[in-house]
Each structure stands twice: as structure tokens, then as C-alpha cells.
$ cat structure36.tsv   # TSV, C-alpha atoms
chain	number	residue	atom	x	y	z
A	1	MET	CA	-22.42	-90.30	-23.80
A	2	GLU	CA	-20.88	-88.38	-20.97
A	3	PHE	CA	-18.10	-85.83	-21.62
A	4	ASP	CA	-14.82	-86.73	-19.97
A	5	PHE	CA	-13.50	-83.57	-18.25
A	6	SER	CA	-10.09	-85.17	-17.89
A	7	TRP	CA	-9.47	-84.52	-21.57
A	8	LEU	CA	-10.19	-80.83	-21.01
A	9	LEU	CA	-7.70	-80.75	-18.18
A	10	LEU	CA	-5.09	-82.30	-20.46
A	11	GLY	CA	-5.99	-80.15	-23.50
A	12	LEU	CA	-5.65	-76.74	-21.87
A	13	PRO	CA	-1.97	-77.14	-20.92
A	14	LEU	CA	-1.28	-78.65	-24.33
A	15	ALA	CA	-2.89	-75.67	-26.11
A	16	PHE	CA	-0.92	-73.26	-23.93
A	17	ILE	CA	2.36	-75.05	-24.76
A	18	LEU	CA	1.59	-75.04	-28.51
A	19	GLY	CA	0.72	-71.32	-28.43
A	20	TRP	CA	3.89	-70.52	-26.54
A	21	LEU	CA	5.99	-72.48	-29.05
A	22	ALA	CA	4.30	-70.69	-31.97
A	23	SER	CA	4.96	-67.29	-30.43
A	24	ARG	CA	8.58	-68.20	-29.83
A	25	PHE	CA	8.90	-69.27	-33.48
A	26	ASP	CA	7.38	-65.99	-34.68
A	27	LEU	CA	9.71	-63.97	-32.43
A	28	ARG	CA	12.71	-65.89	-33.68
A	29	GLN	CA	11.63	-65.33	-37.28
A	30	LEU	CA	11.15	-61.61	-36.60
A	31	ARG	CA	14.56	-61.34	-34.95
A	32	MET	CA	16.18	-63.11	-37.90
A	33	GLU	CA	14.51	-60.73	-40.37
A	34	ASN	CA	15.45	-57.70	-38.29
A	35	ARG	CA	19.06	-58.86	-38.10
A	36	ARG	CA	19.09	-59.51	-41.83
A	37	ALA	CA	17.70	-56.05	-42.71
A	38	PRO	CA	20.32	-54.06	-40.76
A	39	LYS	CA	23.07	-56.25	-42.14
A	40	ALA	CA	21.94	-55.55	-45.68
A	41	TYR	CA	21.60	-51.85	-44.85
A	42	PHE	CA	25.08	-51.58	-43.37
A	43	ARG	CA	26.52	-53.63	-46.20
A	44	GLY	CA	25.00	-51.12	-48.62
A	45	LEU	CA	26.57	-48.24	-46.69
A	46	ASN	CA	29.93	-49.98	-46.84
A	47	PHE	CA	29.65	-50.38	-50.59
A	48	LEU	CA	28.76	-46.69	-50.90
A	49	LEU	CA	31.81	-45.65	-48.92
A	50	ASN	CA	33.93	-47.77	-51.25
A	51	GLU	CA	32.20	-46.17	-54.28
A	52	GLN	CA	30.74	-49.52	-55.36
A	53	GLN	CA	27.32	-48.27	-56.41
A	54	ASP	CA	26.15	-51.45	-58.16
A	55	GLN	CA	26.74	-53.60	-55.07
A	56	ALA	CA	25.21	-50.88	-52.86
A	57	ILE	CA	22.02	-50.90	-54.93
A	58	ASP	CA	21.76	-54.70	-54.64
A	59	ALA	CA	22.21	-54.47	-50.88
A	60	PHE	CA	19.58	-51.75	-50.49
A	61	ILE	CA	17.12	-53.68	-52.67
A	62	GLU	CA	17.58	-56.65	-50.33
A	63	ALA	CA	17.06	-54.37	-47.31
A	64	VAL	CA	13.87	-52.93	-48.85
A	65	GLN	CA	12.54	-56.44	-49.52
A	66	ASN	CA	13.18	-57.42	-45.89
A	67	ASP	CA	11.69	-54.19	-44.51
A	68	PRO	CA	9.37	-52.67	-47.16
A	69	ASP	CA	7.82	-50.16	-44.74
A	70	THR	CA	11.03	-48.22	-44.07
A	71	SER	CA	10.87	-45.02	-46.12
A	72	GLU	CA	14.54	-44.13	-45.53
A	73	LEU	CA	15.64	-47.20	-47.46
A	74	HIS	CA	13.43	-46.14	-50.38
A	75	PHE	CA	14.91	-42.65	-50.36
A	76	ALA	CA	18.46	-44.05	-50.33
A	77	LEU	CA	17.65	-46.42	-53.19
A	78	GLY	CA	15.95	-43.70	-55.27
A	79	ASN	CA	18.86	-41.31	-54.83
A	80	LEU	CA	21.30	-44.03	-55.87
A	81	PHE	CA	19.31	-44.73	-59.03
A	82	ARG	CA	19.31	-41.01	-59.86
A	83	ARG	CA	23.07	-40.69	-59.32
A	84	ARG	CA	23.67	-43.61	-61.68
A	85	GLY	CA	21.45	-42.09	-64.35
A	86	GLU	CA	18.71	-44.73	-63.95
A	87	TYR	CA	16.01	-42.07	-63.82
A	88	GLU	CA	13.10	-44.36	-64.68
A	89	ARG	CA	13.84	-46.61	-61.70
A	90	ALA	CA	14.32	-43.57	-59.44
A	91	VAL	CA	10.93	-42.22	-60.56
A	92	ARG	CA	9.26	-45.56	-59.79
A	93	VAL	CA	10.74	-45.64	-56.28
A	94	HIS	CA	9.61	-42.11	-55.44
A	95	GLN	CA	6.18	-42.58	-57.04
A	96	HIS	CA	5.75	-45.72	-54.92
A	97	LEU	CA	6.54	-43.67	-51.81
A	98	LEU	CA	3.98	-41.02	-52.77
A	99	SER	CA	1.32	-43.70	-53.31
A	100	ARG	CA	1.64	-44.96	-49.73
A	101	GLY	CA	-1.16	-43.90	-47.42
A	102	ASP	CA	0.92	-44.25	-44.26
A	103	LEU	CA	3.62	-41.78	-45.35
A	104	SER	CA	4.08	-38.77	-43.08
A	105	THR	CA	3.57	-35.26	-44.43
A	106	ALA	CA	7.29	-34.46	-44.12
A	107	ASP	CA	8.28	-37.61	-46.02
A	108	ARG	CA	5.60	-36.93	-48.65
A	109	HIS	CA	7.10	-33.47	-49.32
A	110	ARG	CA	10.55	-35.03	-49.42
A	111	ALA	CA	9.43	-37.68	-51.90
A	112	GLN	CA	7.77	-35.02	-54.07
A	113	HIS	CA	11.02	-33.03	-54.13
A	114	ALA	CA	13.03	-36.15	-55.00
A	115	LEU	CA	10.60	-36.96	-57.82
A	116	ALA	CA	11.00	-33.44	-59.22
A	117	LEU	CA	14.79	-33.87	-59.18
A	118	ASP	CA	14.40	-37.18	-61.05
A	119	TYR	CA	12.44	-35.45	-63.80
A	120	LEU	CA	14.91	-32.56	-63.96
A	121	ARG	CA	17.90	-34.87	-64.33
A	122	ALA	CA	16.05	-36.87	-66.97
A	123	GLY	CA	15.35	-33.69	-68.95
A	124	LEU	CA	11.57	-34.08	-68.61
A	125	LEU	CA	11.03	-30.37	-68.00
A	126	ASP	CA	7.22	-30.37	-68.22
A	127	ARG	CA	6.88	-33.10	-65.61
A	128	ALA	CA	9.56	-31.45	-63.48
A	129	GLU	CA	7.65	-28.16	-63.56
A	130	GLU	CA	4.43	-29.90	-62.50
A	131	ALA	CA	6.22	-31.68	-59.63
A	132	LEU	CA	8.00	-28.51	-58.46
A	133	LEU	CA	4.82	-26.43	-58.42
A	134	LYS	CA	3.33	-28.89	-55.92
A	135	LEU	CA	6.06	-27.92	-53.45
A	136	GLU	CA	4.70	-24.39	-52.93
A	137	GLY	CA	4.06	-23.83	-49.23
A	138	THR	CA	6.32	-26.72	-48.15
A	139	PRO	CA	9.78	-26.69	-46.53
A	140	PHE	CA	11.18	-27.33	-50.04
A	141	GLU	CA	9.57	-24.18	-51.47
A	142	THR	CA	12.80	-22.19	-51.92
A	143	GLU	CA	14.67	-25.11	-53.48
A	144	ALA	CA	11.71	-25.75	-55.77
A	145	ARG	CA	11.59	-22.11	-56.87
A	146	LEU	CA	15.32	-22.08	-57.64
A	147	ALA	CA	14.90	-25.28	-59.67
A	148	LEU	CA	11.91	-23.76	-61.47
A	149	LEU	CA	13.98	-20.67	-62.24
A	150	ALA	CA	16.71	-22.81	-63.80
A	151	ASN	CA	14.04	-24.79	-65.65
A	152	TYR	CA	12.44	-21.69	-67.17
A	153	GLU	CA	15.85	-20.31	-68.11
A	154	ARG	CA	16.75	-23.54	-69.93
A	155	SER	CA	13.51	-23.36	-71.89
A	156	ARG	CA	14.01	-19.60	-72.42
A	157	ASP	CA	10.63	-18.80	-70.88
A	158	TRP	CA	11.79	-15.41	-69.64
A	159	GLY	CA	8.37	-14.20	-68.52
A	160	ARG	CA	7.83	-17.07	-66.09
A	161	ALA	CA	11.45	-16.90	-65.00
A	162	ALA	CA	10.90	-13.25	-64.06
A	163	GLU	CA	7.81	-14.18	-62.01
A	164	VAL	CA	9.75	-16.80	-60.04
A	165	ALA	CA	12.73	-14.46	-59.54
A	166	GLN	CA	10.42	-11.77	-58.16
A	167	ARG	CA	8.88	-14.26	-55.70
A	168	LEU	CA	12.35	-15.32	-54.57
A	169	GLU	CA	13.34	-11.69	-54.03
A	170	GLN	CA	10.15	-11.03	-52.07
A	171	SER	CA	10.96	-13.99	-49.79
A	172	ASP	CA	14.36	-12.44	-48.93
A	173	GLN	CA	16.43	-14.90	-50.96
A	174	GLY	CA	18.72	-12.14	-52.25
A	175	SER	CA	18.59	-9.51	-54.96
A	176	PHE	CA	17.55	-10.65	-58.43
A	177	ALA	CA	17.58	-7.19	-60.03
A	178	GLY	CA	20.53	-7.99	-62.30
A	179	ARG	CA	19.02	-11.27	-63.44
A	180	LEU	CA	15.63	-9.64	-64.07
A	181	ALA	CA	17.41	-7.07	-66.26
A	182	HIS	CA	18.96	-9.92	-68.25
A	183	TYR	CA	15.50	-11.42	-68.76
A	184	LEU	CA	14.26	-8.10	-70.14
A	185	CYS	CA	17.28	-7.92	-72.48
A	186	GLU	CA	16.61	-11.47	-73.69
A	187	GLN	CA	12.98	-10.56	-74.39
A	188	ALA	CA	14.15	-7.44	-76.20
A	189	GLN	CA	16.38	-9.54	-78.45
A	190	ALA	CA	13.42	-11.77	-79.28
A	191	HIS	CA	11.35	-8.70	-80.27
A	192	LEU	CA	14.19	-7.39	-82.42
A	193	ALA	CA	14.38	-10.75	-84.19
A	194	ALA	CA	10.62	-10.46	-84.78
A	195	GLN	CA	11.09	-6.96	-86.29
A	196	GLU	CA	9.47	-5.24	-83.30
A	197	PRO	CA	12.06	-2.56	-82.38
A	198	GLU	CA	9.65	-0.36	-80.41
A	199	ARG	CA	8.77	-3.13	-77.97
A	200	ALA	CA	12.46	-3.98	-77.66
A	201	PHE	CA	13.26	-0.33	-76.95
A	202	ALA	CA	10.65	-0.17	-74.17
A	203	LEU	CA	11.99	-3.35	-72.54
A	204	LEU	CA	15.58	-2.08	-72.62
A	205	GLN	CA	14.53	1.22	-71.05
A	206	GLN	CA	12.77	-0.74	-68.31
A	207	ALA	CA	15.91	-2.84	-67.77
A	208	VAL	CA	18.02	0.31	-67.41
A	209	ALA	CA	15.57	1.71	-64.85
A	210	ASP	CA	15.38	-1.56	-62.88
A	211	ALA	CA	19.16	-2.20	-62.80
A	212	PRO	CA	20.94	1.15	-63.24
A	213	THR	CA	24.39	-0.27	-62.48
A	214	ALA	CA	24.11	-3.17	-64.96
A	215	ALA	CA	26.13	-2.74	-68.13
A	216	ARG	CA	24.19	-4.97	-70.52
A	217	PRO	CA	20.92	-2.94	-70.78
A	218	ARG	CA	22.79	0.25	-71.70
A	219	LEU	CA	25.08	-1.55	-74.15
A	220	GLU	CA	22.12	-3.07	-75.98
A	221	LEU	CA	20.13	0.17	-75.80
A	222	ALA	CA	23.05	2.08	-77.34
A	223	ARG	CA	23.33	-0.53	-80.09
A	224	LEU	CA	19.62	-0.18	-80.87
A	225	LEU	CA	19.81	3.63	-80.89
A	226	HIS	CA	22.78	3.47	-83.25
A	227	GLN	CA	20.87	1.17	-85.59
A	228	ARG	CA	18.00	3.66	-85.58
A	229	GLY	CA	20.43	6.39	-86.67
A	230	ASP	CA	20.67	8.26	-83.37
A	231	ALA	CA	24.43	8.06	-82.80
A	232	ALA	CA	24.50	11.00	-80.39
A	233	ALA	CA	21.93	9.38	-78.06
A	234	ALA	CA	23.81	6.09	-78.28
A	235	ALA	CA	27.06	7.82	-77.30
A	236	ASP	CA	25.30	9.47	-74.33
A	237	VAL	CA	24.04	6.06	-73.15
A	238	LEU	CA	27.54	4.58	-73.34
A	239	GLU	CA	29.04	7.52	-71.47
A	240	GLU	CA	26.55	6.90	-68.67
A	241	ALA	CA	27.36	3.17	-68.81
A	242	ALA	CA	31.07	3.96	-68.36
A	243	ARG	CA	30.22	6.06	-65.32
A	244	ARG	CA	27.85	3.54	-63.77
A	245	SER	CA	29.71	0.33	-64.68
A	246	PRO	CA	33.47	1.04	-64.81
A	247	ALA	CA	34.31	-2.67	-64.54
A	248	ALA	CA	32.60	-3.23	-67.90
A	249	LEU	CA	34.59	-0.49	-69.66
A	250	PRO	CA	36.63	-2.92	-71.83
A	251	LEU	CA	33.30	-4.04	-73.36
A	252	ILE	CA	31.96	-0.49	-73.57
A	253	ALA	CA	35.11	0.93	-75.20
A	254	ALA	CA	34.86	-1.24	-78.34
A	255	GLN	CA	31.38	0.18	-79.01
A	256	TRP	CA	32.09	3.66	-77.70
A	257	ALA	CA	35.13	4.50	-79.86
A	258	PRO	CA	33.39	4.37	-83.28
A	259	LEU	CA	30.44	6.32	-81.89
A	260	ALA	CA	32.83	8.99	-80.59
A	261	ILE	CA	34.32	9.31	-84.07
A	262	ALA	CA	30.88	9.44	-85.70
A	263	THR	CA	29.62	12.17	-83.33
A	264	GLY	CA	32.79	14.29	-83.27
A	265	ARG	CA	33.56	13.51	-79.62
A	266	THR	CA	36.95	11.93	-80.23
A	267	GLY	CA	38.86	14.25	-77.89
A	268	SER	CA	36.58	13.97	-74.86
A	269	VAL	CA	36.08	10.20	-75.13
A	270	LEU	CA	39.81	9.69	-75.69
A	271	ALA	CA	40.58	11.62	-72.52
A	272	GLN	CA	38.11	9.52	-70.53
A	273	LEU	CA	39.49	6.24	-71.89
A	274	LYS	CA	43.05	7.28	-71.10
A	275	GLY	CA	42.04	8.09	-67.55
A	276	HIS	CA	40.42	4.66	-67.13
A	277	TYR	CA	43.39	2.97	-68.78
A	278	GLU	CA	45.77	4.45	-66.22
A	279	LYS	CA	43.71	2.93	-63.42
A	280	ALA	CA	42.99	-0.46	-65.02
A	281	PRO	CA	44.81	-1.15	-68.31
A	282	SER	CA	43.39	-3.72	-70.69
A	283	THR	CA	43.91	-4.70	-74.32
A	284	ASP	CA	40.39	-3.61	-75.31
A	285	LEU	CA	40.92	-0.15	-73.84
A	286	LEU	CA	44.28	-0.08	-75.58
A	287	GLU	CA	42.71	-0.85	-78.96
A	288	ALA	CA	40.06	1.84	-78.49
A	289	ILE	CA	42.71	4.43	-77.54
A	290	VAL	CA	44.88	3.58	-80.55
A	291	SER	CA	41.94	3.90	-82.94
A	292	LEU	CA	40.91	7.24	-81.43
A	293	GLU	CA	44.51	8.53	-81.47
A	294	GLU	CA	44.71	7.77	-85.18
A	295	GLN	CA	41.44	9.64	-85.79
A	296	ALA	CA	42.58	12.57	-83.67
A	297	GLY	CA	45.22	13.40	-86.26
A	298	GLY	CA	48.27	11.79	-84.71
A	299	ALA	CA	50.78	9.93	-86.81
A	300	ASP	CA	50.27	6.21	-87.14
A	301	ALA	CA	53.60	5.49	-85.41
A	302	GLN	CA	52.68	7.77	-82.49
A	303	ALA	CA	49.33	6.02	-82.06
A	304	ARG	CA	51.04	2.64	-82.08
A	305	ASP	CA	53.44	3.81	-79.39
A	306	TRP	CA	50.62	2.93	-77.02
A	307	TYR	CA	51.46	-0.73	-77.63
A	308	LEU	CA	54.99	-0.06	-76.39
A	309	ARG	CA	53.64	1.73	-73.32
A	310	HIS	CA	51.47	-1.26	-72.64
A	311	LEU	CA	54.51	-3.54	-72.92
A	312	GLU	CA	56.36	-1.34	-70.44
A	313	ARG	CA	53.61	-2.02	-67.91
A	314	GLY	CA	54.05	-5.77	-68.29
A	315	PRO	CA	54.58	-8.56	-70.83
A	316	SER	CA	51.76	-8.73	-73.37
A	317	LEU	CA	51.87	-10.98	-76.40
A	318	VAL	CA	48.74	-9.30	-77.77
A	319	ALA	CA	50.35	-5.83	-77.68
A	320	ALA	CA	53.60	-7.21	-79.12
A	321	ALA	CA	51.77	-8.80	-82.05
A	322	LYS	CA	49.85	-5.57	-82.73
A	323	TRP	CA	53.01	-3.47	-82.64
A	324	ILE	CA	55.04	-5.79	-84.88
A	325	ALA	CA	52.17	-5.84	-87.42
A	326	GLY	CA	52.92	-2.20	-88.29
A	327	GLU	CA	56.72	-2.42	-88.20
A	328	LYS	CA	59.23	-3.07	-90.98
A	329	LEU	CA	61.52	-5.95	-90.12
A	330	GLU	CA	65.09	-6.40	-91.31
A	331	HIS	CA	63.99	-9.46	-93.27
A	332	GLU	CA	60.62	-8.17	-94.35
A	333	GLN	CA	60.01	-11.15	-96.63
A	334	PHE	CA	59.55	-13.30	-93.51
A	335	HIS	CA	57.20	-10.84	-91.84
A	336	PRO	CA	53.97	-12.64	-92.92
A	337	LEU	CA	55.26	-15.93	-91.49
A	338	VAL	CA	56.22	-14.33	-88.19
A	339	GLN	CA	52.95	-12.43	-88.02
A	340	ARG	CA	50.88	-15.54	-88.69
A	341	ALA	CA	52.69	-17.41	-85.91
A	342	LEU	CA	52.12	-14.54	-83.47
A	343	ASP	CA	48.45	-14.21	-84.36
A	344	HIS	CA	48.01	-17.94	-83.81
A	345	ALA	CA	49.71	-17.77	-80.41
A	346	VAL	CA	47.63	-14.75	-79.40
A	347	LYS	CA	44.21	-16.34	-80.05
A	348	PRO	CA	43.86	-18.17	-76.71
A	349	LEU	CA	44.85	-14.97	-74.87
A	350	THR	CA	42.05	-12.93	-76.46
A	351	ARG	CA	39.30	-15.25	-75.21
A	352	TYR	CA	36.98	-14.67	-72.28
A	353	ARG	CA	36.92	-17.16	-69.40
A	354	CYS	CA	34.03	-17.98	-67.09
A	355	ALA	CA	35.01	-17.39	-63.47
A	356	ALA	CA	32.60	-20.10	-62.30
A	357	CYS	CA	33.54	-23.09	-64.50
A	358	GLY	CA	36.50	-21.95	-66.60
A	359	PHE	CA	34.66	-22.26	-69.94
A	360	GLU	CA	36.47	-20.14	-72.54
A	361	ALA	CA	34.92	-18.44	-75.55
A	362	ARG	CA	36.00	-16.00	-78.24
A	363	GLN	CA	33.06	-13.70	-77.45
A	364	HIS	CA	31.75	-12.35	-74.17
A	365	PHE	CA	28.64	-14.06	-72.79
A	366	TRP	CA	26.28	-12.67	-70.18
A	367	GLN	CA	25.25	-16.23	-69.32
A	368	CYS	CA	27.90	-18.94	-69.46
A	369	PRO	CA	27.08	-21.61	-72.08
A	370	GLY	CA	28.87	-24.16	-69.90
A	371	CYS	CA	27.49	-23.75	-66.36
A	372	GLN	CA	24.57	-21.38	-67.12
A	373	ALA	CA	25.80	-18.86	-64.51
A	374	TRP	CA	24.90	-15.21	-65.09
A	375	ASP	CA	27.56	-12.47	-65.17
A	376	SER	CA	30.32	-15.01	-64.60
A	377	TYR	CA	32.42	-13.72	-67.54
A	378	PRO	CA	34.69	-10.83	-66.56
A	379	ALA	CA	34.78	-8.00	-69.10
A	380	ARG	CA	38.53	-8.53	-69.43
A	381	ARG	CA	40.19	-11.05	-71.73
A	382	VAL	CA	42.34	-13.93	-70.52
A	383	GLU	CA	45.63	-12.06	-70.92
A	384	ASP	CA	44.35	-9.18	-68.80
A	385	LEU	CA	43.19	-11.32	-65.89

$ encode --input "structure36.tsv" --output "C-alpha cells"
Amino acid sequence: MEFDFSWLLLGLPLAFILGWLASRFDLRQLRMENRRAPKAYFRGLNFLLNEQQDQAIDAFIEAVQNDPDTSELHFALGNLFRRRGEYERAVRVHQHLLSRGDLSTADRHRAQHALALDYLRAGLLDRAEEALLKLEGTPFETEARLALLANYERSRDWGRAAEVAQRLEQSDQGSFAGRLAHYLCEQAQAHLAAQEPERAFALLQQAVADAPTAARPRLELARLLHQRGDAAAAADVLEEAARRSPAALPLIAAQWAPLAIATGRTGSVLAQLKGHYEKAPSTDLLEAIVSLEEQAGGADAQARDWYLRHLERGPSLVAAAKWIAGEKLEHEQFHPLVQRALDHAVKPLTRYRCAACGFEARQHFWQCPGCQAWDSYPARRVEDL
């Protein structure tokens, strides 16, 4: 049977036409998908601008399904999950990115950083630490170290926190001397709780040497010396603290006044406190001066005249309440009622307030319990600010 070449001549054009139609169909399908992906992407952005996070997530999921190879969509979706508190879903998105073999080095580092943030927000500190350590030597190194520092502080791992702070200081990220001194003080407190005063003493001496202008190491060193029965050495430490850290004098004065009385230095310490009070009056300095005036042999009324002098400088409910407490009123039977009302009104004014977040507390903190910032509490009480 002979082959009819006429069929070949007819088949070639037909095959060409069918191939061309197939290619046109594929191009049309691709264009439709590409149009659909940007529409979903822009719809998600619109929802974000209108603070409609649920609808934005749905739109980005649709965009990811239409274009699964686009890493930017995955990053946007993962960040949205983290912001909404859906940390497990955020982790899955970023782990999926890290598992891709076609991901660029820059995007891999970015995904690793995002995964570490997911773990941090979820409170999975061990996994966060592991993820952050992998960012050493990457463009996210500084951010990772700062996050590690916060992580170690939260877990009260002061030794590792000190290592990270030293690396940050060596990389010219600022001075961490004050924070390192706090770490030493925290470690000293742990040794005191474990009945190891000698190790605590050595750590506090190191903190004083490392941060000579910081008030906390000397305050805690003086307290430890006093507990060991060396009141004279404790008073010397506080005198140096007053010279080196005048802004912290309201905190120093409360501890310094009883030591001055115990060591027979009432006159000299009183003169120093009066000099500081004239420059920067505060209620804590006022209290220390009144107590020392009483011990110096002055009459009780003369010592309490300092409250009136304070009132002459400006209105002070704290000073008014202290002065009235020692006065005889015309209707003395109502004095306890009046005094109780004044003491109640004074309480909020005697608190300390964090300058970073506004968290108020009855005692002074070196690290804010609210925002975890160091040295954010001024040494002065609310009324003195």
C-alpha cells in the first residue's frame, strides 16, 4: 500500500493550527491568573488600610494560591498572622519559606528572623533563642542580639545577657556599662538569697568599678556593708554615691540618714543634704533633713519647720500632711479623721512613675515591671516631678 503524501501536506498545517490555538489558550489562562493574583493582592492591601485584617488574610491566601512562588506574599501573610496572635499559622508560613530550595539568601535570612519573632511573641523562648542564634553573621545580627538580650533578661539569665551586651558594645551599638552593672547587681542578689555574701560582695565591687557613676551598685554595696556591721564603710560608700550620682540623692538620702546617725556624722551629712536640697528640693531629701535635725538636738517644732519651708517653695500635699500630723488642731477630736483623709490623698503622690510607659509603683524599680526598660524610674516621686 502506497503512502499518500497529500495527507502529510494537509496534516502539517492542521498540526500548526492546533499548536497555535493551544499556545493561545495557555497564554490566555496565564494572563487570567496573573490578573487574578494582583487583584487579590491589591484587595488585601485595601483591607489592610481599612484595618480589616480578617478580610486581608483571606485575600492574601487567595493571592498565595494563585501565585505560590512569590515570597513577598508569604511574608505579608505570616506577618498578618503574627499581628493577630495566630502564631502557629505564622510559624507554618515562615517554616514553609525556609524549606524552599529556590529561596534567595537574603529572603532566607529574612524568613529566619520572622520565625524568631513568631516564637518570641508566642512565648516559646527556647525556640526563639535557637532561631535567633542562627542569625549571627547576617544583616539581622544586631536585631537578633537585641532580641536575645531581652530574651535572656526575661528568663533572668544574667550571665548570658552580659555576654550579649558585651558583644553589642563591641560592635559599636552604644554603651551597655550601666546595664552590665545591673546584671552584676541581680547576680549579687541571687547570691545573697543563697547565703553567699562574699560572692555578692565581689560582684558589687566589680559593678562599682565597671560603672562608677551608677547609683545602684553603691546603694546595694552600702546595704550589704551595713548588714555585715560595718556602718562607717557603708556611710563612706553612700557619700561617694552622692558625689558621683547627685540625681539619685533622693534614694540615697533615705539610706544615708540613719547611717549618719549611727556613725556620729549627723552634722556633716545634714550640711550636705541641705546643700543638695537648695539646688533640687524633694520630699525624700526633706524627710532625711527633718530626721537628722531632730537627732542634732533641735526642737521637734523647729525640725518640722522644714515642712513649712518646703510649702513656701511650692504647693505640696505631702509636706502639708506631714506638718499637720504634728500639730494640735482647734478641734483635736477630728484630727485622726482629717489625717486619715490626707494620708489617703497623699498616697498616689508618693509613688514612682516610669518615664517610658507611665507605670506607677510604691517602690522604686531599676527595671520597670511594665515595659522592662532599665533606669526608666526617676529617683524623685510623682509629686516632685

$ atom_distance --input "structure36.tsv" --atom1 "CA of Ala106 (chain A)" --atom2 "CA of Phe75 (chain A)"
12.8 Å

$ atom_distance --input "structure36.tsv" --atom1 "CA of Asp157 (chain A)" --atom2 "CA of Ala181 (chain A)"
14.3 Å

$ residues_around --input "structure36.tsv" --residues "Gln173 (chain A)" --least-positions-apart "5" --cutoff "12 Å" --atoms "all atoms listed in the file" --output "list of chain:residue names"
A:Glu141, A:Thr142, A:Glu143, A:Arg145, A:Leu146, A:Val164, A:Ala165, A:Gln166, A:Arg167, A:Leu168

$ closest_residue --input "structure36.tsv" --among "A:Ala207, A:Leu221, A:Ala296, A:Leu117" --to "Gln255 (chain A)" --atoms "only C-alpha atoms"
A:Leu221

$ residues_near_point --input "structure36.tsv" --point "(9.8, -28.0, -67.0)" --cutoff "12 Å" --atoms "only C-alpha atoms" --output "JSON list (two decimals) with C-alpha atoms, in the frame of the given file"
[["chain", "number", "residue", "atom", "x", "y", "z"],
["A", 116, "ALA", "CA", 11.00, -33.44, -59.22],
["A", 117, "LEU", "CA", 14.79, -33.87, -59.18],
["A", 118, "ASP", "CA", 14.40, -37.18, -61.05],
["A", 119, "TYR", "CA", 12.44, -35.45, -63.80],
["A", 120, "LEU", "CA", 14.91, -32.56, -63.96],
["A", 121, "ARG", "CA", 17.90, -34.87, -64.33],
["A", 122, "ALA", "CA", 16.05, -36.87, -66.97],
["A", 123, "GLY", "CA", 15.35, -33.69, -68.95],
["A", 124, "LEU", "CA", 11.57, -34.08, -68.61],
["A", 125, "LEU", "CA", 11.03, -30.37, -68.00],
["A", 126, "ASP", "CA", 7.22, -30.37, -68.22],
["A", 127, "ARG", "CA", 6.88, -33.10, -65.61],
["A", 128, "ALA", "CA", 9.56, -31.45, -63.48],
["A", 129, "GLU", "CA", 7.65, -28.16, -63.56],
["A", 130, "GLU", "CA", 4.43, -29.90, -62.50],
["A", 131, "ALA", "CA", 6.22, -31.68, -59.63],
["A", 132, "LEU", "CA", 8.00, -28.51, -58.46],
["A", 133, "LEU", "CA", 4.82, -26.43, -58.42],
["A", 144, "ALA", "CA", 11.71, -25.75, -55.77],
["A", 145, "ARG", "CA", 11.59, -22.11, -56.87],
["A", 147, "ALA", "CA", 14.90, -25.28, -59.67],
["A", 148, "LEU", "CA", 11.91, -23.76, -61.47],
["A", 149, "LEU", "CA", 13.98, -20.67, -62.24],
["A", 150, "ALA", "CA", 16.71, -22.81, -63.80],
["A", 151, "ASN", "CA", 14.04, -24.79, -65.65],
["A", 152, "TYR", "CA", 12.44, -21.69, -67.17],
["A", 153, "GLU", "CA", 15.85, -20.31, -68.11],
["A", 154, "ARG", "CA", 16.75, -23.54, -69.93],
["A", 155, "SER", "CA", 13.51, -23.36, -71.89],
["A", 156, "ARG", "CA", 14.01, -19.60, -72.42],
["A", 157, "ASP", "CA", 10.63, -18.80, -70.88],
["A", 160, "ARG", "CA", 7.83, -17.07, -66.09],
["A", 161, "ALA", "CA", 11.45, -16.90, -65.00]]

$ closest_residue --input "structure36.tsv" --among "A:Ala200, A:Ala194, A:Val208, A:Trp323" --to "Leu180 (chain A)" --atoms "all atoms listed in the file"
A:Val208

$ residues_around --input "structure36.tsv" --residues "Arg82 (chain A)" --least-positions-apart "3" --cutoff "9 Å" --atoms "all atoms listed in the file" --output "MDAnalysis selection string"
chainID A and resid 77:79 85:91 117:118 121:122

$ atom_distance --input "structure36.tsv" --atom1 "CA of His331 (chain A)" --atom2 "CA of Glu294 (chain A)"
27.1 Å

$ residues_around --input "structure36.tsv" --residues "Ala361 (chain A)" --least-positions-apart "3" --cutoff "10 Å" --atoms "only C-alpha atoms" --output "list in words"
Pro348, Thr350, Arg351, Tyr352, Arg353, Cys354, Gly358, His364, Phe365, Cys368, Pro369, Tyr377 and Arg381 of chain A

$ closest_residue --input "structure36.tsv" --among "A:Ala232, A:Leu337, A:Ala111, A:Leu317" --to "Gly264 (chain A)" --atoms "all atoms listed in the file"
A:Ala232
